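Note: the block below is data.cif and it holds mmCIF, N, CA and C atoms.
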data_start
loop_
_atom_site.label_atom_id
_atom_site.label_comp_id
_atom_site.auth_asym_id
_atom_site.auth_seq_id
_atom_site.Cartn_x
_atom_site.Cartn_y
_atom_site.Cartn_z
N ASP I 59 -9.30 35.49 -14.76
CA ASP I 59 -8.29 36.41 -15.24
C ASP I 59 -7.05 35.60 -15.63
N GLY I 60 -6.65 35.63 -16.88
CA GLY I 60 -5.52 34.87 -17.38
C GLY I 60 -4.18 35.42 -16.95
N ASP I 61 -4.16 36.65 -16.37
CA ASP I 61 -2.90 37.26 -15.95
C ASP I 61 -2.59 37.01 -14.48
N ALA I 62 -3.42 36.26 -13.78
CA ALA I 62 -3.19 36.01 -12.36
C ALA I 62 -1.96 35.14 -12.18
N PRO I 63 -1.11 35.46 -11.20
CA PRO I 63 0.09 34.64 -10.97
C PRO I 63 -0.29 33.25 -10.46
N PRO I 64 0.51 32.25 -10.76
CA PRO I 64 0.21 30.91 -10.25
C PRO I 64 0.32 30.89 -8.73
N ARG I 65 -0.43 29.98 -8.09
CA ARG I 65 -0.43 29.88 -6.63
C ARG I 65 0.76 29.07 -6.11
N HIS I 66 1.57 28.55 -6.98
CA HIS I 66 2.74 27.79 -6.55
C HIS I 66 3.98 28.42 -7.15
N GLY I 67 5.12 28.22 -6.49
CA GLY I 67 6.35 28.87 -6.91
C GLY I 67 6.92 28.28 -8.19
N PRO I 68 7.88 28.98 -8.79
CA PRO I 68 8.52 28.47 -10.00
C PRO I 68 9.30 27.19 -9.70
N GLY I 69 9.27 26.27 -10.64
CA GLY I 69 9.97 25.00 -10.45
C GLY I 69 9.20 24.01 -9.61
N THR I 70 7.97 24.31 -9.27
CA THR I 70 7.13 23.38 -8.51
C THR I 70 5.91 23.02 -9.34
N GLN I 71 5.24 21.97 -8.95
CA GLN I 71 4.06 21.52 -9.68
C GLN I 71 2.89 21.43 -8.72
N LEU I 72 1.73 21.81 -9.15
CA LEU I 72 0.52 21.74 -8.36
C LEU I 72 -0.13 20.37 -8.58
N TYR I 73 -0.40 19.66 -7.51
CA TYR I 73 -1.09 18.37 -7.57
C TYR I 73 -2.42 18.50 -6.86
N VAL I 74 -3.37 17.69 -7.25
CA VAL I 74 -4.69 17.68 -6.62
C VAL I 74 -4.98 16.28 -6.09
N LEU I 75 -5.80 16.24 -5.05
CA LEU I 75 -6.22 14.96 -4.48
C LEU I 75 -7.15 14.28 -5.46
N TYR I 76 -6.88 13.03 -5.78
CA TYR I 76 -7.71 12.28 -6.71
C TYR I 76 -8.48 11.24 -5.92
N GLY I 77 -9.77 11.15 -6.15
CA GLY I 77 -10.59 10.22 -5.38
C GLY I 77 -10.77 10.75 -3.97
N GLN I 78 -10.77 9.85 -3.02
CA GLN I 78 -10.93 10.26 -1.63
C GLN I 78 -9.84 9.62 -0.79
N PRO I 79 -9.43 10.30 0.29
CA PRO I 79 -8.44 9.68 1.18
C PRO I 79 -9.05 8.44 1.83
N ILE I 80 -8.22 7.46 2.08
CA ILE I 80 -8.67 6.24 2.73
C ILE I 80 -7.94 6.18 4.06
N TYR I 81 -8.67 6.10 5.16
CA TYR I 81 -8.07 6.08 6.48
C TYR I 81 -8.65 4.93 7.27
N LEU I 82 -7.79 4.12 7.86
CA LEU I 82 -8.24 2.97 8.64
C LEU I 82 -7.20 2.67 9.71
N PHE I 83 -7.53 2.87 10.96
CA PHE I 83 -6.67 2.51 12.09
C PHE I 83 -5.22 2.98 11.92
N GLY I 84 -5.04 4.23 11.62
CA GLY I 84 -3.70 4.78 11.49
C GLY I 84 -3.08 4.61 10.10
N LEU I 85 -3.77 3.95 9.18
CA LEU I 85 -3.28 3.81 7.81
C LEU I 85 -3.97 4.86 6.95
N LEU I 86 -3.20 5.70 6.32
CA LEU I 86 -3.75 6.72 5.45
C LEU I 86 -3.19 6.52 4.05
N LEU I 87 -4.07 6.52 3.07
CA LEU I 87 -3.66 6.36 1.68
C LEU I 87 -4.33 7.45 0.86
N CYS I 88 -3.52 8.29 0.22
CA CYS I 88 -4.02 9.38 -0.62
C CYS I 88 -3.35 9.27 -1.99
N VAL I 89 -4.08 9.64 -3.03
CA VAL I 89 -3.52 9.67 -4.38
C VAL I 89 -3.62 11.11 -4.88
N PHE I 90 -2.49 11.66 -5.30
CA PHE I 90 -2.44 13.00 -5.87
C PHE I 90 -2.01 12.89 -7.32
N CYS I 91 -2.54 13.76 -8.17
CA CYS I 91 -2.15 13.73 -9.58
C CYS I 91 -2.19 15.15 -10.14
N LEU I 92 -1.70 15.28 -11.36
CA LEU I 92 -1.76 16.56 -12.05
C LEU I 92 -3.23 16.90 -12.35
N PRO I 93 -3.61 18.15 -12.20
CA PRO I 93 -5.02 18.51 -12.42
C PRO I 93 -5.54 18.14 -13.81
N GLU I 94 -4.68 18.23 -14.81
CA GLU I 94 -5.16 17.95 -16.17
C GLU I 94 -5.47 16.47 -16.41
N LEU I 95 -5.04 15.58 -15.51
CA LEU I 95 -5.33 14.16 -15.67
C LEU I 95 -6.70 13.76 -15.12
N VAL I 96 -7.24 14.57 -14.22
CA VAL I 96 -8.52 14.24 -13.60
C VAL I 96 -9.61 14.22 -14.65
N GLY I 97 -10.29 13.11 -14.76
CA GLY I 97 -11.40 12.98 -15.70
C GLY I 97 -11.00 12.66 -17.12
N THR I 98 -9.71 12.73 -17.43
CA THR I 98 -9.29 12.40 -18.80
C THR I 98 -8.36 11.19 -18.78
N GLY I 99 -7.19 11.37 -18.20
CA GLY I 99 -6.22 10.26 -18.19
C GLY I 99 -6.43 9.30 -17.04
N MET I 100 -6.90 9.81 -15.88
CA MET I 100 -7.11 8.96 -14.71
C MET I 100 -8.60 8.68 -14.57
N HIS I 101 -8.92 7.42 -14.35
CA HIS I 101 -10.32 7.04 -14.19
C HIS I 101 -10.41 5.73 -13.44
N GLN I 102 -11.61 5.29 -13.16
CA GLN I 102 -11.91 4.02 -12.50
C GLN I 102 -11.31 3.94 -11.10
N PHE I 103 -11.42 5.00 -10.32
CA PHE I 103 -10.89 5.00 -8.96
C PHE I 103 -11.80 4.17 -8.07
N SER I 104 -11.22 3.26 -7.29
CA SER I 104 -11.96 2.44 -6.34
C SER I 104 -11.13 2.28 -5.08
N ILE I 105 -11.80 2.02 -3.97
CA ILE I 105 -11.09 1.79 -2.72
C ILE I 105 -11.48 0.45 -2.12
N PHE I 106 -10.63 -0.04 -1.23
CA PHE I 106 -10.85 -1.29 -0.52
C PHE I 106 -10.39 -1.09 0.92
N GLU I 107 -11.19 -1.54 1.88
CA GLU I 107 -10.82 -1.47 3.28
C GLU I 107 -11.05 -2.83 3.91
N MET I 108 -10.09 -3.28 4.70
CA MET I 108 -10.23 -4.55 5.42
C MET I 108 -9.78 -4.30 6.86
N PRO I 109 -10.74 -3.95 7.76
CA PRO I 109 -10.36 -3.71 9.14
C PRO I 109 -9.94 -5.00 9.83
N ALA I 110 -9.17 -4.85 10.90
CA ALA I 110 -8.63 -6.00 11.61
C ALA I 110 -9.72 -6.90 12.16
N ASP I 111 -10.88 -6.36 12.51
CA ASP I 111 -11.92 -7.21 13.10
C ASP I 111 -12.50 -8.20 12.09
N LYS I 112 -12.17 -8.06 10.82
CA LYS I 112 -12.61 -9.01 9.80
C LYS I 112 -11.63 -10.17 9.65
N LEU I 113 -10.50 -10.09 10.36
CA LEU I 113 -9.42 -11.06 10.18
C LEU I 113 -9.10 -11.76 11.49
N ALA I 114 -8.71 -12.99 11.40
CA ALA I 114 -8.23 -13.72 12.57
C ALA I 114 -6.77 -14.07 12.38
N SER I 115 -6.08 -13.28 11.57
CA SER I 115 -4.73 -13.64 11.13
C SER I 115 -3.63 -12.83 11.77
N GLY I 116 -3.97 -11.81 12.54
CA GLY I 116 -2.94 -10.94 13.08
C GLY I 116 -2.72 -9.70 12.24
N VAL I 117 -3.33 -9.61 11.06
CA VAL I 117 -3.23 -8.41 10.24
C VAL I 117 -4.06 -7.33 10.94
N LYS I 118 -3.45 -6.17 11.16
CA LYS I 118 -4.14 -5.10 11.88
C LYS I 118 -5.06 -4.29 10.98
N GLY I 119 -4.86 -4.35 9.69
CA GLY I 119 -5.72 -3.63 8.76
C GLY I 119 -5.06 -3.47 7.41
N VAL I 120 -5.89 -3.30 6.39
CA VAL I 120 -5.41 -3.12 5.02
C VAL I 120 -6.31 -2.11 4.34
N VAL I 121 -5.70 -1.14 3.65
CA VAL I 121 -6.44 -0.25 2.78
C VAL I 121 -5.79 -0.31 1.41
N ALA I 122 -6.58 -0.13 0.40
CA ALA I 122 -6.04 -0.19 -0.97
C ALA I 122 -6.87 0.72 -1.86
N CYS I 123 -6.25 1.17 -2.93
CA CYS I 123 -6.98 1.91 -3.95
C CYS I 123 -6.45 1.47 -5.31
N ARG I 124 -7.27 1.65 -6.30
CA ARG I 124 -6.89 1.32 -7.66
C ARG I 124 -7.37 2.42 -8.58
N PHE I 125 -6.69 2.58 -9.67
CA PHE I 125 -7.12 3.53 -10.69
C PHE I 125 -6.45 3.15 -11.99
N ALA I 126 -6.97 3.68 -13.07
CA ALA I 126 -6.36 3.50 -14.38
C ALA I 126 -5.80 4.84 -14.81
N LEU I 127 -4.60 4.81 -15.34
CA LEU I 127 -3.96 5.99 -15.91
C LEU I 127 -3.76 5.67 -17.39
N TYR I 128 -4.58 6.29 -18.20
CA TYR I 128 -4.67 5.96 -19.62
C TYR I 128 -4.98 4.47 -19.74
N ASP I 129 -4.12 3.65 -20.30
CA ASP I 129 -4.45 2.23 -20.48
C ASP I 129 -3.73 1.32 -19.49
N ARG I 130 -3.22 1.87 -18.39
CA ARG I 130 -2.52 1.07 -17.38
C ARG I 130 -3.26 1.15 -16.06
N SER I 131 -3.42 0.01 -15.40
CA SER I 131 -4.09 -0.02 -14.10
C SER I 131 -3.06 -0.15 -12.99
N PHE I 132 -3.30 0.57 -11.90
CA PHE I 132 -2.40 0.60 -10.75
C PHE I 132 -3.18 0.28 -9.49
N CYS I 133 -2.53 -0.44 -8.59
CA CYS I 133 -3.12 -0.74 -7.30
C CYS I 133 -2.08 -0.42 -6.23
N PHE I 134 -2.50 0.30 -5.20
CA PHE I 134 -1.65 0.62 -4.06
C PHE I 134 -2.26 0.00 -2.82
N ILE I 135 -1.46 -0.76 -2.09
CA ILE I 135 -1.91 -1.43 -0.87
C ILE I 135 -1.09 -0.92 0.29
N ASN I 136 -1.76 -0.57 1.36
CA ASN I 136 -1.09 -0.15 2.59
C ASN I 136 -1.58 -1.10 3.68
N CYS I 137 -0.66 -1.86 4.28
CA CYS I 137 -1.06 -2.84 5.28
C CYS I 137 -0.28 -2.65 6.59
N HIS I 138 -0.87 -3.12 7.67
CA HIS I 138 -0.23 -3.07 8.98
C HIS I 138 -0.27 -4.49 9.55
N LEU I 139 0.89 -5.09 9.69
CA LEU I 139 0.99 -6.47 10.17
C LEU I 139 1.40 -6.49 11.64
N HIS I 140 1.23 -7.64 12.27
CA HIS I 140 1.55 -7.75 13.70
C HIS I 140 3.04 -7.59 13.95
N ALA I 141 3.39 -7.27 15.18
CA ALA I 141 4.80 -7.05 15.54
C ALA I 141 5.50 -8.37 15.86
N ASP I 142 6.81 -8.38 15.63
CA ASP I 142 7.63 -9.53 16.01
C ASP I 142 7.55 -9.73 17.51
N THR I 143 7.52 -11.00 17.91
CA THR I 143 7.54 -11.32 19.34
C THR I 143 8.64 -12.31 19.67
N ALA I 144 9.31 -12.80 18.66
CA ALA I 144 10.29 -13.88 18.86
C ALA I 144 11.65 -13.34 19.27
N HIS I 145 12.38 -14.19 20.03
CA HIS I 145 13.73 -13.85 20.43
C HIS I 145 14.71 -14.96 20.08
N SER I 146 14.24 -16.01 19.42
CA SER I 146 15.11 -17.12 19.02
C SER I 146 15.09 -17.24 17.50
N GLU I 147 16.08 -17.94 16.96
CA GLU I 147 16.12 -18.15 15.50
C GLU I 147 14.86 -18.86 15.02
N GLU I 148 14.42 -19.87 15.76
CA GLU I 148 13.21 -20.60 15.37
C GLU I 148 11.99 -19.69 15.41
N GLY I 149 11.90 -18.85 16.45
CA GLY I 149 10.78 -17.92 16.56
C GLY I 149 10.79 -16.88 15.46
N ILE I 150 11.97 -16.39 15.12
CA ILE I 150 12.09 -15.41 14.05
C ILE I 150 11.65 -16.02 12.73
N ARG I 151 12.04 -17.26 12.49
CA ARG I 151 11.62 -17.97 11.27
C ARG I 151 10.10 -18.17 11.26
N ARG I 152 9.54 -18.51 12.43
CA ARG I 152 8.09 -18.71 12.54
C ARG I 152 7.35 -17.39 12.27
N ASP I 153 7.85 -16.28 12.87
CA ASP I 153 7.22 -14.98 12.63
C ASP I 153 7.30 -14.59 11.16
N PHE I 154 8.43 -14.88 10.52
CA PHE I 154 8.58 -14.57 9.10
C PHE I 154 7.55 -15.36 8.28
N GLU I 155 7.40 -16.64 8.56
CA GLU I 155 6.42 -17.47 7.83
C GLU I 155 4.99 -16.94 8.06
N GLU I 156 4.70 -16.55 9.28
CA GLU I 156 3.38 -16.01 9.59
C GLU I 156 3.14 -14.71 8.83
N ARG I 157 4.18 -13.87 8.77
CA ARG I 157 4.07 -12.61 8.04
C ARG I 157 3.84 -12.86 6.55
N MET I 158 4.51 -13.84 5.99
CA MET I 158 4.30 -14.17 4.58
C MET I 158 2.87 -14.67 4.35
N GLN I 159 2.32 -15.42 5.31
CA GLN I 159 0.92 -15.85 5.21
C GLN I 159 -0.03 -14.66 5.28
N GLN I 160 0.31 -13.70 6.14
CA GLN I 160 -0.53 -12.50 6.22
C GLN I 160 -0.50 -11.72 4.91
N LEU I 161 0.67 -11.60 4.30
CA LEU I 161 0.75 -10.91 3.00
C LEU I 161 -0.04 -11.66 1.94
N GLN I 162 0.02 -12.99 1.97
CA GLN I 162 -0.76 -13.80 1.02
C GLN I 162 -2.26 -13.59 1.24
N LEU I 163 -2.66 -13.49 2.50
CA LEU I 163 -4.06 -13.22 2.81
C LEU I 163 -4.48 -11.87 2.23
N CYS I 164 -3.63 -10.86 2.43
CA CYS I 164 -3.93 -9.54 1.85
C CYS I 164 -4.05 -9.64 0.34
N TYR I 165 -3.12 -10.34 -0.27
CA TYR I 165 -3.13 -10.51 -1.73
C TYR I 165 -4.42 -11.17 -2.19
N ASN I 166 -4.88 -12.18 -1.45
CA ASN I 166 -6.09 -12.91 -1.85
C ASN I 166 -7.37 -12.15 -1.56
N ARG I 167 -7.37 -11.30 -0.54
CA ARG I 167 -8.60 -10.62 -0.12
C ARG I 167 -8.84 -9.28 -0.80
N VAL I 168 -7.79 -8.62 -1.27
CA VAL I 168 -7.98 -7.31 -1.89
C VAL I 168 -8.72 -7.49 -3.21
N GLU I 169 -9.88 -6.87 -3.27
CA GLU I 169 -10.68 -6.90 -4.50
C GLU I 169 -11.51 -5.63 -4.53
N PHE I 170 -11.85 -5.21 -5.69
CA PHE I 170 -12.58 -3.96 -5.84
C PHE I 170 -13.95 -4.26 -6.41
N ARG I 171 -14.98 -3.73 -5.74
CA ARG I 171 -16.37 -3.99 -6.11
C ARG I 171 -17.09 -2.67 -6.35
N LEU I 172 -18.15 -2.75 -7.09
CA LEU I 172 -19.05 -1.62 -7.29
C LEU I 172 -20.46 -2.14 -7.09
N ASN I 173 -21.14 -1.66 -6.04
CA ASN I 173 -22.50 -2.10 -5.73
C ASN I 173 -22.60 -3.63 -5.67
N ASP I 174 -21.71 -4.26 -4.93
CA ASP I 174 -21.67 -5.72 -4.75
C ASP I 174 -21.33 -6.49 -6.01
N GLN I 175 -20.91 -5.81 -7.05
CA GLN I 175 -20.47 -6.49 -8.27
C GLN I 175 -18.95 -6.52 -8.29
N PHE I 176 -18.40 -7.70 -8.41
CA PHE I 176 -16.95 -7.89 -8.41
C PHE I 176 -16.38 -7.33 -9.69
N LEU I 177 -15.41 -6.40 -9.58
CA LEU I 177 -14.84 -5.77 -10.76
C LEU I 177 -13.39 -6.18 -11.01
N TYR I 178 -12.53 -5.95 -10.01
CA TYR I 178 -11.11 -6.15 -10.25
C TYR I 178 -10.46 -6.90 -9.08
N PRO I 179 -9.93 -8.09 -9.31
CA PRO I 179 -9.09 -8.71 -8.29
C PRO I 179 -7.71 -8.05 -8.32
N LEU I 180 -6.94 -8.28 -7.30
CA LEU I 180 -5.61 -7.67 -7.23
C LEU I 180 -4.76 -8.05 -8.43
N TRP I 181 -4.80 -9.31 -8.81
CA TRP I 181 -3.92 -9.80 -9.88
C TRP I 181 -4.27 -9.23 -11.26
N ALA I 182 -5.37 -8.50 -11.38
CA ALA I 182 -5.77 -7.95 -12.68
C ALA I 182 -5.05 -6.64 -13.01
N HIS I 183 -4.26 -6.11 -12.08
CA HIS I 183 -3.61 -4.83 -12.29
C HIS I 183 -2.25 -4.99 -12.94
N ARG I 184 -1.88 -3.99 -13.74
CA ARG I 184 -0.57 -4.01 -14.39
C ARG I 184 0.56 -3.78 -13.39
N VAL I 185 0.30 -2.91 -12.39
CA VAL I 185 1.31 -2.58 -11.39
C VAL I 185 0.65 -2.60 -10.01
N VAL I 186 1.30 -3.26 -9.05
CA VAL I 186 0.83 -3.30 -7.67
C VAL I 186 1.96 -2.81 -6.77
N PHE I 187 1.65 -1.83 -5.91
CA PHE I 187 2.60 -1.31 -4.93
C PHE I 187 2.14 -1.76 -3.56
N LEU I 188 3.01 -2.40 -2.81
CA LEU I 188 2.71 -2.82 -1.45
C LEU I 188 3.54 -1.97 -0.51
N MET I 189 2.86 -1.29 0.41
CA MET I 189 3.53 -0.43 1.39
C MET I 189 2.94 -0.74 2.75
N GLY I 190 3.56 -0.24 3.77
CA GLY I 190 2.96 -0.34 5.08
C GLY I 190 3.95 -0.71 6.15
N ASP I 191 3.41 -1.00 7.29
CA ASP I 191 4.20 -1.38 8.45
C ASP I 191 4.15 -2.90 8.56
N THR I 192 5.20 -3.54 8.09
CA THR I 192 5.25 -5.01 8.18
C THR I 192 5.80 -5.47 9.53
N ASN I 193 6.28 -4.52 10.32
CA ASN I 193 6.82 -4.83 11.65
C ASN I 193 7.91 -5.88 11.60
N MET I 194 8.66 -5.91 10.54
CA MET I 194 9.80 -6.84 10.44
C MET I 194 11.03 -6.12 10.96
N ARG I 195 11.78 -6.78 11.78
CA ARG I 195 12.99 -6.20 12.35
C ARG I 195 14.21 -6.72 11.60
N LEU I 196 15.08 -5.82 11.25
CA LEU I 196 16.32 -6.20 10.58
C LEU I 196 17.40 -6.37 11.64
N THR I 197 18.21 -7.38 11.47
CA THR I 197 19.31 -7.58 12.42
C THR I 197 20.59 -7.05 11.81
N MET I 198 21.48 -6.57 12.65
CA MET I 198 22.75 -6.05 12.19
C MET I 198 23.69 -7.20 11.89
N PRO I 199 24.31 -7.23 10.71
CA PRO I 199 25.26 -8.30 10.39
C PRO I 199 26.40 -8.35 11.41
N ALA I 200 26.90 -9.55 11.67
CA ALA I 200 27.93 -9.76 12.69
C ALA I 200 29.21 -8.97 12.41
N GLU I 201 29.52 -8.73 11.11
CA GLU I 201 30.76 -8.03 10.80
C GLU I 201 30.71 -6.54 11.15
N PHE I 202 29.52 -6.01 11.44
CA PHE I 202 29.40 -4.62 11.84
C PHE I 202 29.34 -4.55 13.36
N ARG I 203 30.21 -3.80 13.94
CA ARG I 203 30.28 -3.74 15.41
C ARG I 203 29.57 -2.49 15.96
N ARG I 204 29.45 -1.45 15.13
CA ARG I 204 28.80 -0.22 15.58
C ARG I 204 28.13 0.46 14.37
N LEU I 205 27.27 1.40 14.66
CA LEU I 205 26.49 2.07 13.63
C LEU I 205 27.37 2.75 12.59
N SER I 206 28.51 3.31 12.99
CA SER I 206 29.38 4.01 12.04
C SER I 206 29.95 3.06 10.97
N ASP I 207 29.94 1.75 11.21
CA ASP I 207 30.40 0.78 10.20
C ASP I 207 29.48 0.74 8.98
N PHE I 208 28.26 1.24 9.11
CA PHE I 208 27.31 1.23 8.00
C PHE I 208 27.58 2.36 7.01
N HIS I 209 28.33 3.36 7.39
CA HIS I 209 28.56 4.54 6.54
C HIS I 209 29.73 4.33 5.62
#
How does this structure look as structure tokens?
Amino acid sequence: DGDAPPRHGPGTQLYVLYGQPIYLFGLLLCVFCLPELVGTGMHQFSIFEMPADKLASGVKGVVACRFALYDRSFCFINCHLHADTAHSEEGIRRDFEERMQQLQLCYNRVEFRLNDQFLYPLWAHRVVFLMGDTNMRLTMPAEFRRLSDFH
């Protein structure tokens, strides 16, 4: 019936889940898009999962998905890195270097396959979004004495 009212309110847009949700050890990655893009503008959806038991690096897990939107390819990475343990400047620097190595490992390991055939490395995408829990702690600058100084 073409006269049925829309299921969403005025000034809002209806989005649909594209592909499948990816869930790994508390990391959830979902892609939503406009319904009219499914099957026409969006295609080549793939997922990647790298559980922590595959790594000896301290990375707790990585999930990623890729898709093409018209002629542009996008990759979204959600990672969970180990927590800071250092309390000294040297330890903080060491944790930072280790975290950068973990990110490099994620960058090198994320790849998308279809039936054991290698299709897309991470660097083949036009746009890459990196999100997640990097467990990096920010320190308050010395010139700020209390939280209200940030406002």
- Chain and number of each residue from the PyMOL selection byres ((chain I and resi 73) around 7), as number ranges by chain: I: 71-72, 74-75, 90-93
- Message: Could you list, as a list in words, every residue within 8 Å of Arg171 (chain I), counting only N, CA and C atoms and ignoring same-chain residues fewer than 6 positions away?
- Response: Ser104, Ile105, Phe106, Leu177, Tyr178 and Pro179 of chain I
- So which residues get picked by the PyMOL selection byres (((chain I and resi 121-131 and name CA) around 6) and name CA) here, written as number ranges by chain? I: 99-107, 120, 132-136, 183-184
Would you write out those residues with N, CA and C atoms, as a PDB file, in the frame of the given file?
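As written to disk, out_36.pdb reads:
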ATOM      1  N   GLY I  99      -7.190  11.370 -18.200  1.00  0.00           N
ATOM      2  CA  GLY I  99      -6.220  10.260 -18.190  1.00  0.00           C
ATOM      3  C   GLY I  99      -6.430   9.300 -17.040  1.00  0.00           C
ATOM      4  N   MET I 100      -6.900   9.810 -15.880  1.00  0.00           N
ATOM      5  CA  MET I 100      -7.110   8.960 -14.710  1.00  0.00           C
ATOM      6  C   MET I 100      -8.600   8.680 -14.570  1.00  0.00           C
ATOM      7  N   HIS I 101      -8.920   7.420 -14.350  1.00  0.00           N
ATOM      8  CA  HIS I 101     -10.320   7.040 -14.190  1.00  0.00           C
ATOM      9  C   HIS I 101     -10.410   5.730 -13.440  1.00  0.00           C
ATOM     10  N   GLN I 102     -11.610   5.290 -13.160  1.00  0.00           N
ATOM     11  CA  GLN I 102     -11.910   4.020 -12.500  1.00  0.00           C
ATOM     12  C   GLN I 102     -11.310   3.940 -11.100  1.00  0.00           C
ATOM     13  N   PHE I 103     -11.420   5.000 -10.320  1.00  0.00           N
ATOM     14  CA  PHE I 103     -10.890   5.000  -8.960  1.00  0.00           C
ATOM     15  C   PHE I 103     -11.800   4.170  -8.070  1.00  0.00           C
ATOM     16  N   SER I 104     -11.220   3.260  -7.290  1.00  0.00           N
ATOM     17  CA  SER I 104     -11.960   2.440  -6.340  1.00  0.00           C
ATOM     18  C   SER I 104     -11.130   2.280  -5.080  1.00  0.00           C
ATOM     19  N   ILE I 105     -11.800   2.020  -3.970  1.00  0.00           N
ATOM     20  CA  ILE I 105     -11.090   1.790  -2.720  1.00  0.00           C
ATOM     21  C   ILE I 105     -11.480   0.450  -2.120  1.00  0.00           C
ATOM     22  N   PHE I 106     -10.630  -0.040  -1.230  1.00  0.00           N
ATOM     23  CA  PHE I 106     -10.850  -1.290  -0.520  1.00  0.00           C
ATOM     24  C   PHE I 106     -10.390  -1.090   0.920  1.00  0.00           C
ATOM     25  N   GLU I 107     -11.190  -1.540   1.880  1.00  0.00           N
ATOM     26  CA  GLU I 107     -10.820  -1.470   3.280  1.00  0.00           C
ATOM     27  C   GLU I 107     -11.050  -2.830   3.910  1.00  0.00           C
ATOM     28  N   VAL I 120      -5.890  -3.300   6.390  1.00  0.00           N
ATOM     29  CA  VAL I 120      -5.410  -3.120   5.020  1.00  0.00           C
ATOM     30  C   VAL I 120      -6.310  -2.110   4.340  1.00  0.00           C
ATOM     31  N   PHE I 132      -3.300   0.570 -11.900  1.00  0.00           N
ATOM     32  CA  PHE I 132      -2.400   0.600 -10.750  1.00  0.00           C
ATOM     33  C   PHE I 132      -3.180   0.280  -9.490  1.00  0.00           C
ATOM     34  N   CYS I 133      -2.530  -0.440  -8.590  1.00  0.00           N
ATOM     35  CA  CYS I 133      -3.120  -0.740  -7.300  1.00  0.00           C
ATOM     36  C   CYS I 133      -2.080  -0.420  -6.230  1.00  0.00           C
ATOM     37  N   PHE I 134      -2.500   0.300  -5.200  1.00  0.00           N
ATOM     38  CA  PHE I 134      -1.650   0.620  -4.060  1.00  0.00           C
ATOM     39  C   PHE I 134      -2.260   0.000  -2.820  1.00  0.00           C
ATOM     40  N   ILE I 135      -1.460  -0.760  -2.090  1.00  0.00           N
ATOM     41  CA  ILE I 135      -1.910  -1.430  -0.870  1.00  0.00           C
ATOM     42  C   ILE I 135      -1.090  -0.920   0.290  1.00  0.00           C
ATOM     43  N   ASN I 136      -1.760  -0.570   1.360  1.00  0.00           N
ATOM     44  CA  ASN I 136      -1.090  -0.150   2.590  1.00  0.00           C
ATOM     45  C   ASN I 136      -1.580  -1.100   3.680  1.00  0.00           C
ATOM     46  N   HIS I 183      -4.260  -6.110 -12.080  1.00  0.00           N
ATOM     47  CA  HIS I 183      -3.610  -4.830 -12.290  1.00  0.00           C
ATOM     48  C   HIS I 183      -2.250  -4.990 -12.940  1.00  0.00           C
ATOM     49  N   ARG I 184      -1.880  -3.990 -13.740  1.00  0.00           N
ATOM     50  CA  ARG I 184      -0.570  -4.010 -14.390  1.00  0.00           C
ATOM     51  C   ARG I 184       0.560  -3.780 -13.390  1.00  0.00           C
TER      52      ARG I 184
END
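Going from CA of Glu148 (chain I) over to CA of Asn193 (chain I), you cover 17.4 Å.
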Using backbone DSSP assignments, extract all strand (DSSP E or B) residues from region 110-149 of chain I; output them as a short mmCIF file (atom, residue, chain, number, x, y, z; two decimals) with N, CA and C atoms, keeping the file's coordinate frame.
data_model
loop_
_atom_site.label_atom_id
_atom_site.label_comp_id
_atom_site.auth_asym_id
_atom_site.auth_seq_id
_atom_site.Cartn_x
_atom_site.Cartn_y
_atom_site.Cartn_z
N GLY I 119 -4.86 -4.35 9.69
CA GLY I 119 -5.72 -3.63 8.76
C GLY I 119 -5.06 -3.47 7.41
N VAL I 120 -5.89 -3.30 6.39
CA VAL I 120 -5.41 -3.12 5.02
C VAL I 120 -6.31 -2.11 4.34
N VAL I 121 -5.70 -1.14 3.65
CA VAL I 121 -6.44 -0.25 2.78
C VAL I 121 -5.79 -0.31 1.41
N ALA I 122 -6.58 -0.13 0.40
CA ALA I 122 -6.04 -0.19 -0.97
C ALA I 122 -6.87 0.72 -1.86
N CYS I 123 -6.25 1.17 -2.93
CA CYS I 123 -6.98 1.91 -3.95
C CYS I 123 -6.45 1.47 -5.31
N ARG I 124 -7.27 1.65 -6.30
CA ARG I 124 -6.89 1.32 -7.66
C ARG I 124 -7.37 2.42 -8.58
N PHE I 125 -6.69 2.58 -9.67
CA PHE I 125 -7.12 3.53 -10.69
C PHE I 125 -6.45 3.15 -11.99
N ALA I 126 -6.97 3.68 -13.07
CA ALA I 126 -6.36 3.50 -14.38
C ALA I 126 -5.80 4.84 -14.81
N LEU I 127 -4.60 4.81 -15.34
CA LEU I 127 -3.96 5.99 -15.91
C LEU I 127 -3.76 5.67 -17.39
N ARG I 130 -3.22 1.87 -18.39
CA ARG I 130 -2.52 1.07 -17.38
C ARG I 130 -3.26 1.15 -16.06
N SER I 131 -3.42 0.01 -15.40
CA SER I 131 -4.09 -0.02 -14.10
C SER I 131 -3.06 -0.15 -12.99
N PHE I 132 -3.30 0.57 -11.90
CA PHE I 132 -2.40 0.60 -10.75
C PHE I 132 -3.18 0.28 -9.49
N CYS I 133 -2.53 -0.44 -8.59
CA CYS I 133 -3.12 -0.74 -7.30
C CYS I 133 -2.08 -0.42 -6.23
N PHE I 134 -2.50 0.30 -5.20
CA PHE I 134 -1.65 0.62 -4.06
C PHE I 134 -2.26 0.00 -2.82
N ILE I 135 -1.46 -0.76 -2.09
CA ILE I 135 -1.91 -1.43 -0.87
C ILE I 135 -1.09 -0.92 0.29
N ASN I 136 -1.76 -0.57 1.36
CA ASN I 136 -1.09 -0.15 2.59
C ASN I 136 -1.58 -1.10 3.68
N CYS I 137 -0.66 -1.86 4.28
CA CYS I 137 -1.06 -2.84 5.28
C CYS I 137 -0.28 -2.65 6.59
N HIS I 138 -0.87 -3.12 7.67
CA HIS I 138 -0.23 -3.07 8.98
C HIS I 138 -0.27 -4.49 9.55
#
- Mind giving me the straight-line distance from atom N of Leu188 (chain I) to CA of Cys137 (chain I) in Å, one decimal?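 These atoms are spaced 9.1 Å apart.
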- Task: If you run DSSP over the backbone, which residues in region 65-202 of chain I end up helix (DSSP H, G or I)? Put them as an MDAnalysis selection string.
- Result: chainID I and resid 93:95 110:112 147:167 180:182
